[in-house]
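**Student:** mmCIF, C-alpha atoms and all ligand atoms, saved as entry-v4.cif, coming up:
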data_work
#
loop_
_atom_site.label_atom_id
_atom_site.label_comp_id
_atom_site.auth_asym_id
_atom_site.auth_seq_id
_atom_site.Cartn_x
_atom_site.Cartn_y
_atom_site.Cartn_z
CA MET A 17 79.48 113.08 147.90
CA ARG A 18 78.13 109.67 148.99
CA LEU A 19 75.71 109.72 146.04
CA LEU A 20 78.57 110.50 143.62
CA LEU A 21 80.69 107.68 145.06
CA ALA A 22 77.76 105.27 144.76
CA LEU A 23 77.23 106.26 141.11
CA VAL A 24 80.93 105.71 140.34
CA LEU A 25 80.84 102.28 142.01
CA LEU A 26 77.69 101.33 140.11
CA ALA A 27 79.00 102.44 136.70
CA PRO A 28 79.96 99.39 134.59
CA PRO A 29 83.70 99.15 133.83
CA THR A 30 84.75 99.84 130.24
CA PRO A 31 85.09 96.42 128.63
CA ASP A 32 88.72 95.56 127.87
CA ALA A 33 88.61 91.85 127.09
CA ASP A 34 92.34 91.47 126.34
CA GLN A 35 93.34 93.63 129.33
CA ASP A 36 95.81 95.81 127.49
CA GLY A 37 94.37 99.13 128.67
CA LEU A 38 92.54 99.84 125.40
CA ALA A 39 88.76 99.63 125.48
CA ASP A 40 87.25 97.01 123.18
CA ALA A 41 85.13 99.65 121.44
CA LEU A 42 88.15 101.84 120.65
CA GLU A 43 90.13 98.85 119.33
CA GLN A 44 87.23 97.93 117.03
CA THR A 45 86.72 101.49 115.78
CA LEU A 46 90.39 102.10 114.98
CA LEU A 47 90.92 98.68 113.41
CA ALA A 48 88.01 99.31 111.04
CA GLN A 49 89.13 102.87 110.19
CA PHE A 50 92.74 101.96 109.35
CA ALA A 51 92.17 98.59 107.69
CA PRO A 52 94.49 98.26 104.64
CA ARG A 53 93.20 97.47 101.19
CA PHE A 54 94.89 94.23 100.23
CA LEU A 55 95.75 93.59 96.59
CA ILE A 56 96.37 89.90 95.91
CA SER A 57 96.96 87.76 92.88
CA PRO A 58 93.69 86.38 91.44
CA HIS A 59 95.66 83.21 90.68
CA ASP A 60 97.45 82.85 94.00
CA CYS A 61 98.28 79.19 94.52
CA ASP A 62 96.78 79.31 98.04
CA GLY A 63 93.67 81.27 97.09
CA LYS A 64 93.03 83.73 99.92
CA PRO A 65 94.12 84.32 103.53
CA ALA A 66 92.58 81.72 105.80
CA GLU A 67 90.28 81.68 108.80
CA PHE A 68 91.30 79.21 111.49
CA GLU A 69 89.23 76.97 113.76
CA PRO A 70 88.80 78.60 117.18
CA ASP A 71 89.98 77.08 120.45
CA ARG A 72 92.53 74.74 118.87
CA PRO A 73 96.10 74.79 120.23
CA ALA A 74 97.47 74.20 116.70
CA PRO A 75 96.34 76.26 113.69
CA ALA A 76 93.72 74.34 111.68
CA VAL A 77 92.32 75.93 108.52
CA LYS A 78 88.57 76.51 108.63
CA ALA A 79 88.24 78.27 105.26
CA ARG A 80 90.33 80.22 102.77
CA ASN A 81 87.86 83.11 102.81
CA GLY A 82 89.95 86.31 103.06
CA VAL A 83 89.47 86.88 106.81
CA ILE A 84 92.01 89.28 108.28
CA TYR A 85 93.10 88.90 111.89
CA THR A 86 93.96 92.03 113.86
CA GLN A 87 95.59 93.37 117.00
CA ALA A 88 95.53 96.78 118.70
CA PHE A 89 97.66 97.74 121.67
CA PRO A 90 98.85 100.90 123.42
CA LEU A 91 102.45 102.07 123.49
CA PRO A 92 104.07 105.16 124.98
CA GLY A 93 103.05 107.95 122.62
CA GLY A 94 100.51 106.05 120.59
CA ILE A 95 98.56 102.98 119.58
CA GLU A 96 99.79 100.25 117.24
CA LEU A 97 97.49 98.25 114.97
CA HIS A 98 98.45 95.00 113.23
CA TYR A 99 96.64 93.34 110.33
CA TYR A 100 97.55 89.68 109.77
CA HIS A 101 96.90 87.89 106.51
CA LEU A 102 97.40 84.27 107.52
CA TRP A 103 97.84 81.73 104.76
CA ALA A 104 97.47 77.97 104.91
CA ARG A 105 100.70 77.66 102.96
CA ASP A 106 103.53 79.49 101.26
CA CYS A 107 103.67 78.01 97.80
CA GLY A 108 106.60 79.95 96.40
CA ARG A 109 110.25 78.95 96.38
CA ASN A 110 111.00 76.71 99.38
CA GLY A 111 107.28 76.61 100.20
CA HIS A 112 105.94 75.42 103.52
CA ALA A 113 102.72 75.02 105.47
CA LEU A 114 101.38 77.96 107.51
CA ASP A 115 102.45 81.42 106.39
CA PRO A 116 101.71 84.30 108.79
CA GLU A 117 102.21 87.74 107.22
CA HIS A 118 101.24 91.24 108.33
CA VAL A 119 101.23 95.00 107.96
CA SER A 120 100.97 97.54 110.77
CA VAL A 121 100.34 101.18 111.54
CA PHE A 122 101.35 103.41 114.44
CA LEU A 123 98.76 105.99 115.49
CA ILE A 124 99.22 109.23 117.42
CA GLU A 125 96.57 111.38 119.05
CA ASP A 126 95.93 114.66 117.27
CA GLN A 127 93.43 117.09 118.80
CA GLY A 128 91.31 114.32 120.25
CA GLN A 129 91.47 112.11 117.16
CA TRP A 130 93.75 109.23 116.23
CA ARG A 131 95.68 109.54 113.00
CA ALA A 132 98.34 107.41 111.34
CA ARG A 133 101.95 108.44 111.89
CA TYR A 134 103.86 105.47 110.41
CA HIS A 135 103.04 102.43 108.29
CA TYR A 136 105.02 99.17 108.03
CA ALA A 137 104.73 96.24 105.61
CA ALA A 138 106.53 92.98 106.41
CA ALA A 139 108.27 91.16 103.57
CA HIS A 140 110.08 87.91 104.32
CA GLU A 141 110.39 89.05 107.92
CA ASP A 142 113.19 87.52 109.98
CA THR A 143 114.65 85.68 107.00
CA ALA A 144 117.75 86.27 104.89
CA CYS A 145 115.46 88.02 102.37
CA ASP A 146 113.87 90.41 104.91
CA ARG A 147 112.80 93.53 103.01
CA GLY A 148 110.20 95.11 105.26
CA THR A 149 109.42 98.70 104.34
CA ALA A 150 108.06 101.63 106.34
CA VAL A 151 106.84 105.13 105.59
CA ARG A 152 105.72 108.20 107.49
CA ALA A 153 102.06 108.99 106.90
CA SER A 154 101.32 112.38 105.36
CA THR A 155 98.45 114.34 103.91
CA GLN A 156 99.23 112.52 100.65
CA PHE A 157 99.80 109.11 102.22
CA ALA A 158 97.13 107.41 104.33
CA GLU A 159 96.98 109.69 107.33
CA TRP A 160 93.35 108.95 108.26
CA ARG A 161 92.89 105.53 106.68
CA GLY A 162 94.74 102.32 105.86
CA VAL A 163 97.32 101.85 103.14
CA GLU A 164 97.06 99.94 99.89
CA VAL A 165 99.28 96.91 100.19
CA TRP A 166 100.45 94.60 97.42
CA ILE A 167 100.80 90.92 98.36
CA SER A 168 103.23 88.88 96.29
CA HIS A 169 102.02 85.78 94.50
CA GLY A 170 102.71 82.56 96.42
CA LYS A 171 105.19 84.08 98.89
CA HIS A 172 102.68 86.61 100.36
CA ALA A 173 105.23 89.29 101.18
CA SER A 174 103.61 92.72 101.75
CA PHE A 175 104.71 95.84 99.85
CA LEU A 176 103.64 99.48 100.14
CA SER A 177 104.12 99.98 96.40
CA PRO A 178 103.95 97.65 93.39
CA ASP A 179 107.36 99.04 92.38
CA HIS A 180 108.96 97.38 95.40
CA CYS A 181 107.48 93.97 94.63
CA GLY A 182 110.06 92.05 92.61
CA ARG A 183 112.72 94.74 93.03
CA LEU A 184 113.30 94.07 96.74
CA GLY A 185 113.55 90.84 98.67
CA CYS A 186 115.46 88.09 96.95
CA GLY A 187 113.93 88.63 93.55
CA SER A 188 111.19 85.99 93.75
CA ASP A 189 108.21 88.30 94.40
CA ARG A 190 105.60 89.04 91.75
CA CYS A 191 102.57 91.33 92.09
CA ASP A 192 101.13 91.20 88.57
CA LYS A 193 97.56 92.37 87.90
CA PRO A 194 96.24 91.98 91.44
CA ASP A 195 92.61 91.99 92.57
CA ARG A 196 91.34 93.76 95.63
CA LEU A 197 90.73 91.27 98.44
CA LEU A 198 87.16 91.35 99.75
CA VAL A 199 87.54 90.96 103.51
CA PRO A 200 84.47 89.36 105.11
CA ARG A 201 85.57 90.07 108.70
CA LEU A 202 88.29 91.51 110.88
CA ILE A 203 88.88 89.23 113.87
CA ASN A 204 90.77 90.59 116.87
CA LEU A 205 93.47 88.16 118.09
CA GLY A 206 93.78 89.86 121.48
CA GLU A 207 97.25 90.01 123.01
CA PRO A 208 100.01 87.45 123.69
CA GLY A 209 98.77 85.28 126.55
CA ARG A 210 95.29 86.85 126.38
CA PRO A 211 93.70 85.53 123.17
CA LEU A 212 90.29 86.67 121.94
CA HIS A 213 87.78 84.81 119.79
CA GLY A 214 89.41 81.45 120.47
CA SER A 215 92.72 82.40 118.83
CA VAL A 216 94.80 80.23 121.17
CA TRP A 217 96.54 78.87 118.04
CA ALA A 218 98.33 82.22 117.63
CA ALA A 219 100.84 81.04 120.24
CA SER A 220 101.52 77.73 118.47
CA PRO A 221 105.21 76.92 117.88
CA LEU A 222 104.19 75.61 114.45
CA TRP A 223 104.51 79.15 113.10
CA PRO A 224 106.24 82.41 114.16
CA LEU A 225 102.99 84.39 114.62
CA ALA A 226 103.53 85.18 118.32
CA ALA A 227 106.85 86.87 117.49
CA LYS A 228 105.03 89.21 115.08
CA MET A 229 102.69 90.41 117.84
CA GLN A 230 105.38 92.76 119.18
CA SER A 231 105.87 96.40 118.15
CA ASP A 232 107.23 97.04 114.65
CA PHE A 233 108.18 100.63 115.45
CA PRO A 234 111.16 100.90 117.83
CA PRO A 235 112.12 104.50 118.66
CA SER A 236 115.12 104.28 116.31
CA LEU A 237 112.88 103.48 113.32
CA ARG A 238 110.42 106.21 114.27
CA ALA A 239 113.27 108.74 114.44
CA GLN A 240 114.51 107.58 111.04
CA LEU A 241 111.05 107.89 109.53
CA ASP A 242 110.63 111.39 110.96
CA GLN A 243 113.60 112.43 108.79
CA SER A 244 112.57 110.53 105.66
CA PRO A 245 110.03 111.81 103.14
CA GLY A 246 109.45 108.47 101.38
CA VAL A 247 109.41 104.71 101.87
CA ILE A 248 112.50 103.29 103.57
CA LEU A 249 113.73 99.80 104.38
CA ALA A 250 112.88 98.89 107.95
CA VAL A 251 115.34 97.24 110.35
CA THR A 252 116.58 94.00 108.93
CA PRO A 253 118.94 91.73 110.85
CA ASN A 254 121.01 90.31 107.99
CA TYR A 255 120.73 92.54 104.91
CA VAL A 256 124.34 91.79 103.90
CA ALA A 257 123.27 88.41 102.54
CA GLN A 258 120.86 89.89 99.99
CA PRO A 259 123.15 90.94 97.12
CA VAL A 260 124.48 87.39 97.17
CA ALA A 261 120.94 86.05 97.09
CA LEU A 262 119.99 88.27 94.18
CA ALA A 263 123.05 87.14 92.25
CA ALA A 264 122.31 83.44 92.04
CA SER A 265 119.18 81.41 92.64
CA LYS A 266 121.24 78.42 93.78
CA THR A 267 122.76 80.58 96.44
CA LEU A 268 119.28 81.80 97.31
CA ASP A 269 118.05 78.26 97.80
CA SER A 270 120.95 77.59 100.16
CA LEU A 271 120.36 80.79 102.06
CA SER A 272 116.66 80.12 102.43
CA LEU A 273 117.29 76.61 103.67
CA ALA A 274 119.92 77.78 106.10
CA ASN A 275 117.67 80.63 107.14
CA LYS A 276 114.85 78.28 108.11
CA LYS A 277 117.21 76.63 110.55
CA THR A 278 118.23 79.94 112.08
CA GLU A 279 114.83 81.63 111.99
CA SER A 280 114.12 81.01 115.63
CA ALA A 281 117.50 82.49 116.63
CA LEU A 282 116.87 85.57 114.49
CA ILE A 283 113.45 86.17 116.05
CA LYS A 284 114.99 85.97 119.51
CA ALA A 285 117.75 88.40 118.47
CA LYS A 286 115.22 90.82 117.00
CA ARG A 287 113.15 90.78 120.19
CA TRP A 288 116.31 91.50 122.17
CA VAL A 289 117.23 94.44 119.92
CA LYS A 290 113.73 95.88 120.15
CA LYS A 291 113.78 95.63 123.93
CA ARG A 292 117.13 97.42 124.02
CA LEU A 293 115.89 100.15 121.65
CA ASP A 294 112.70 100.64 123.65
CA CA B 1 91.92 95.96 124.86
CA CA B 2 94.41 94.64 122.13
#
Can you give me the file's structure in the form of structure tokens?
**Tutor:**
Amino acid sequence: MRLLLALVLLAPPTPDADQDGLADALEQTLLAQFAPRFLISPHDCDGKPAEFEPDRPAPAVKARNGVIYTQAFPLPGGIELHYYHLWARDCGRNGHALDPEHVSVFLIEDQGQWRARYHYAAAHEDTACDRGTAVRASTQFAEWRGVEVWISHGKHASFLSPDHCGRLGCGSDRCDKPDRLLVPRLINLGEPGRPLHGSVWAASPLWPLAAKMQSDFPPSLRAQLDQSPGVILAVTPNYVAQPVALAASKTLDSLSLANKKTESALIKAKRWVKKRLD
């Protein structure tokens, strides 16, 4: 008994650098297995998603090299993975510096293995044009791997199908003749307040990245997806504005400008709703 206790005490703890309860090795394995295949415009005005200088409080572009940042964290009933394509700038309508975008997947354990249950692609998240989409994984749709995701030119919204690009949102998205993005590395961001690999800039108020590091799959959305065979629109806080936006570009410009001013309030409201739903 004493020998057994001594062996247990001597055994090295499983490394969990971001202290979220998931071992580093499992995070790395799952993030590699379910990495999406990104399809981007070969003529995107910002080139490729950017890598950022480590250990800087504000995001500073190191290179536009196609690096994808990641996150993996446990939730009741599963594990959620996020894949962030972070751009130095949005160069579409009402462009701006720093453009954090992402897709995510919710995994469930199935006979000792992790498989995808739901996928989500953010498109103009937390804006008046929010058209995020989600789908339940199936034997025909990315159950054991990542999804293909189409990234719109300049705006960098993510879509689970090229048919949605341009048809959803506020009508400014284009996904013509994309190339597959060659991803040199996946870099784990860690968790809010516990950054890995020097990603302290993730918490910068200069962009809404920290708000995107929360779960995308509240129980209400999961229940909806369980009943839906195809792609559905995910929760959007202000969908009523969109027909107006589609009707007139001048109106769209006004909405986008107004939306920038209220973005912070919308993010706070969304967090509150998610907490209530959880
Ligand atoms: Ca961990
Ligand atoms: Ca983690």
**Student:** Tell me, in Å to one decimal, how far atom CA of A:Pro73 is from atom CA of A:Ala104.
**Tutor:**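 Separating atom CA of A:Pro73 from atom CA of A:Ala104 is a distance of 15.7 Å.
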**Student:** Name the residues, by chain letter and number, that sit within 10 Å of ligand CA 1 (chain B) using all atoms listed in the file, and give them as an MDAnalysis selection string.
**Tutor:** chainID A and resid 30:44 87:90 204 206:207 210 212
**Student:** Quote the spacing between atom CA of A:Leu97 and atom CA of A:His59 in Å to one decimal place.
**Tutor:**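 The value is 28.6 Å.
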**Student:** Skip A:Pro116 itself and residues of its chain fewer than 6 positions away, then list as a PDB file with C-alpha atoms, keeping the file's coordinate frame all residues within 9 Å of it, counting only C-alpha atoms.
**Tutor:**
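After the write, around_21.pdb holds the following:
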ATOM      1  CA  TYR A 100      97.550  89.680 109.770  1.00  0.00           C
ATOM      2  CA  HIS A 101      96.900  87.890 106.510  1.00  0.00           C
ATOM      3  CA  LEU A 102      97.400  84.270 107.520  1.00  0.00           C
ATOM      4  CA  TRP A 103      97.840  81.730 104.760  1.00  0.00           C
ATOM      5  CA  ALA A 104      97.470  77.970 104.910  1.00  0.00           C
ATOM      6  CA  ARG A 105     100.700  77.660 102.960  1.00  0.00           C
ATOM      7  CA  HIS A 172     102.680  86.610 100.360  1.00  0.00           C
ATOM      8  CA  TRP A 223     104.510  79.150 113.100  1.00  0.00           C
ATOM      9  CA  PRO A 224     106.240  82.410 114.160  1.00  0.00           C
ATOM     10  CA  LEU A 225     102.990  84.390 114.620  1.00  0.00           C
ATOM     11  CA  LYS A 228     105.030  89.210 115.080  1.00  0.00           C
TER      12      LYS A 228
END
**Student:** Could you state the separation of atom CA of A:Tyr99 and atom CA of A:Arg53 in Å, given to one decimal place?
**Tutor:** 10.6 Å
**Student:** Nearest residue to ligand CA 2 (chain B) out of A:Ala239, A:Cys186, A:Leu47, A:Cys107, using all atoms listed in the file?
**Tutor:**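 Checking each candidate against ligand CA 2 (chain B), we get A:Leu47 as the closest.
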**Student:** Between A:Glu67, A:Gln127, A:Ser244, A:Pro58, which is the closest to A:Arg201 once you count all atoms listed in the file?
**Tutor:**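 The closest residue to A:Arg201 is A:Glu67.
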**Student:** Reconstruct N, CA, C and O atoms of stretch 136-153 of chain A from the incomplete input and present them as a PDB file, in the frame of the given file.
**Tutor:**
ATOM      1  N   TYR A 136     103.972 100.190 108.241  1.00  0.00           N
ATOM      2  CA  TYR A 136     105.020  99.170 108.030  1.00  0.00           C
ATOM      3  C   TYR A 136     104.412  97.983 107.283  1.00  0.00           C
ATOM      4  O   TYR A 136     103.266  97.581 107.552  1.00  0.00           O
ATOM      5  N   ALA A 137     105.156  97.447 106.329  1.00  0.00           N
ATOM      6  CA  ALA A 137     104.730  96.240 105.610  1.00  0.00           C
ATOM      7  C   ALA A 137     105.850  95.220 105.712  1.00  0.00           C
ATOM      8  O   ALA A 137     106.993  95.482 105.311  1.00  0.00           O
ATOM      9  N   ALA A 138     105.527  94.040 106.246  1.00  0.00           N
ATOM     10  CA  ALA A 138     106.530  92.980 106.410  1.00  0.00           C
ATOM     11  C   ALA A 138     106.714  92.220 105.107  1.00  0.00           C
ATOM     12  O   ALA A 138     105.742  91.906 104.418  1.00  0.00           O
ATOM     13  N   ALA A 139     107.965  91.951 104.766  1.00  0.00           N
ATOM     14  CA  ALA A 139     108.270  91.160 103.570  1.00  0.00           C
ATOM     15  C   ALA A 139     109.404  90.208 103.918  1.00  0.00           C
ATOM     16  O   ALA A 139     110.522  90.645 104.188  1.00  0.00           O
ATOM     17  N   HIS A 140     109.097  88.937 103.973  1.00  0.00           N
ATOM     18  CA  HIS A 140     110.080  87.910 104.320  1.00  0.00           C
ATOM     19  C   HIS A 140     110.729  88.219 105.664  1.00  0.00           C
ATOM     20  O   HIS A 140     111.944  88.113 105.834  1.00  0.00           O
ATOM     21  N   GLU A 141     109.894  88.611 106.617  1.00  0.00           N
ATOM     22  CA  GLU A 141     110.390  89.050 107.920  1.00  0.00           C
ATOM     23  C   GLU A 141     111.202  87.970 108.612  1.00  0.00           C
ATOM     24  O   GLU A 141     110.823  86.800 108.615  1.00  0.00           O
ATOM     25  N   ASP A 142     112.305  88.413 109.216  1.00  0.00           N
ATOM     26  CA  ASP A 142     113.190  87.520 109.980  1.00  0.00           C
ATOM     27  C   ASP A 142     113.774  86.394 109.147  1.00  0.00           C
ATOM     28  O   ASP A 142     114.029  85.299 109.649  1.00  0.00           O
ATOM     29  N   THR A 143     113.949  86.649 107.847  1.00  0.00           N
ATOM     30  CA  THR A 143     114.650  85.680 107.000  1.00  0.00           C
ATOM     31  C   THR A 143     115.818  86.412 106.333  1.00  0.00           C
ATOM     32  O   THR A 143     115.953  87.632 106.429  1.00  0.00           O
ATOM     33  N   ALA A 144     116.623  85.662 105.605  1.00  0.00           N
ATOM     34  CA  ALA A 144     117.750  86.270 104.890  1.00  0.00           C
ATOM     35  C   ALA A 144     117.274  87.253 103.834  1.00  0.00           C
ATOM     36  O   ALA A 144     118.029  88.099 103.384  1.00  0.00           O
ATOM     37  N   CYS A 145     116.019  87.136 103.407  1.00  0.00           N
ATOM     38  CA  CYS A 145     115.460  88.020 102.370  1.00  0.00           C
ATOM     39  C   CYS A 145     114.611  89.136 102.962  1.00  0.00           C
ATOM     40  O   CYS A 145     113.811  89.735 102.239  1.00  0.00           O
ATOM     41  N   ASP A 146     114.719  89.410 104.258  1.00  0.00           N
ATOM     42  CA  ASP A 146     113.870  90.410 104.910  1.00  0.00           C
ATOM     43  C   ASP A 146     113.966  91.755 104.184  1.00  0.00           C
ATOM     44  O   ASP A 146     115.053  92.326 104.060  1.00  0.00           O
ATOM     45  N   ARG A 147     112.846  92.222 103.657  1.00  0.00           N
ATOM     46  CA  ARG A 147     112.800  93.530 103.010  1.00  0.00           C
ATOM     47  C   ARG A 147     111.548  94.283 103.435  1.00  0.00           C
ATOM     48  O   ARG A 147     110.809  94.831 102.589  1.00  0.00           O
ATOM     49  N   GLY A 148     111.305  94.314 104.745  1.00  0.00           N
ATOM     50  CA  GLY A 148     110.200  95.110 105.260  1.00  0.00           C
ATOM     51  C   GLY A 148     110.412  96.578 104.933  1.00  0.00           C
ATOM     52  O   GLY A 148     111.545  97.053 104.899  1.00  0.00           O
ATOM     53  N   THR A 149     109.324  97.282 104.648  1.00  0.00           N
ATOM     54  CA  THR A 149     109.420  98.700 104.340  1.00  0.00           C
ATOM     55  C   THR A 149     108.505  99.492 105.272  1.00  0.00           C
ATOM     56  O   THR A 149     107.500  98.970 105.762  1.00  0.00           O
ATOM     57  N   ALA A 150     108.856 100.765 105.465  1.00  0.00           N
ATOM     58  CA  ALA A 150     108.060 101.630 106.340  1.00  0.00           C
ATOM     59  C   ALA A 150     108.020 103.026 105.736  1.00  0.00           C
ATOM     60  O   ALA A 150     108.889 103.411 104.945  1.00  0.00           O
ATOM     61  N   VAL A 151     106.998 103.772 106.117  1.00  0.00           N
ATOM     62  CA  VAL A 151     106.840 105.130 105.590  1.00  0.00           C
ATOM     63  C   VAL A 151     106.126 105.984 106.631  1.00  0.00           C
ATOM     64  O   VAL A 151     105.342 105.474 107.434  1.00  0.00           O
ATOM     65  N   ARG A 152     106.447 107.257 106.622  1.00  0.00           N
ATOM     66  CA  ARG A 152     105.720 108.200 107.490  1.00  0.00           C
ATOM     67  C   ARG A 152     104.450 108.610 106.770  1.00  0.00           C
ATOM     68  O   ARG A 152     104.465 108.942 105.589  1.00  0.00           O
ATOM     69  N   ALA A 153     103.326 108.559 107.490  1.00  0.00           N
ATOM     70  CA  ALA A 153     102.060 108.990 106.900  1.00  0.00           C
ATOM     71  C   ALA A 153     102.102 110.503 106.659  1.00  0.00           C
ATOM     72  O   ALA A 153     102.824 111.233 107.332  1.00  0.00           O
TER      73      ALA A 153
END
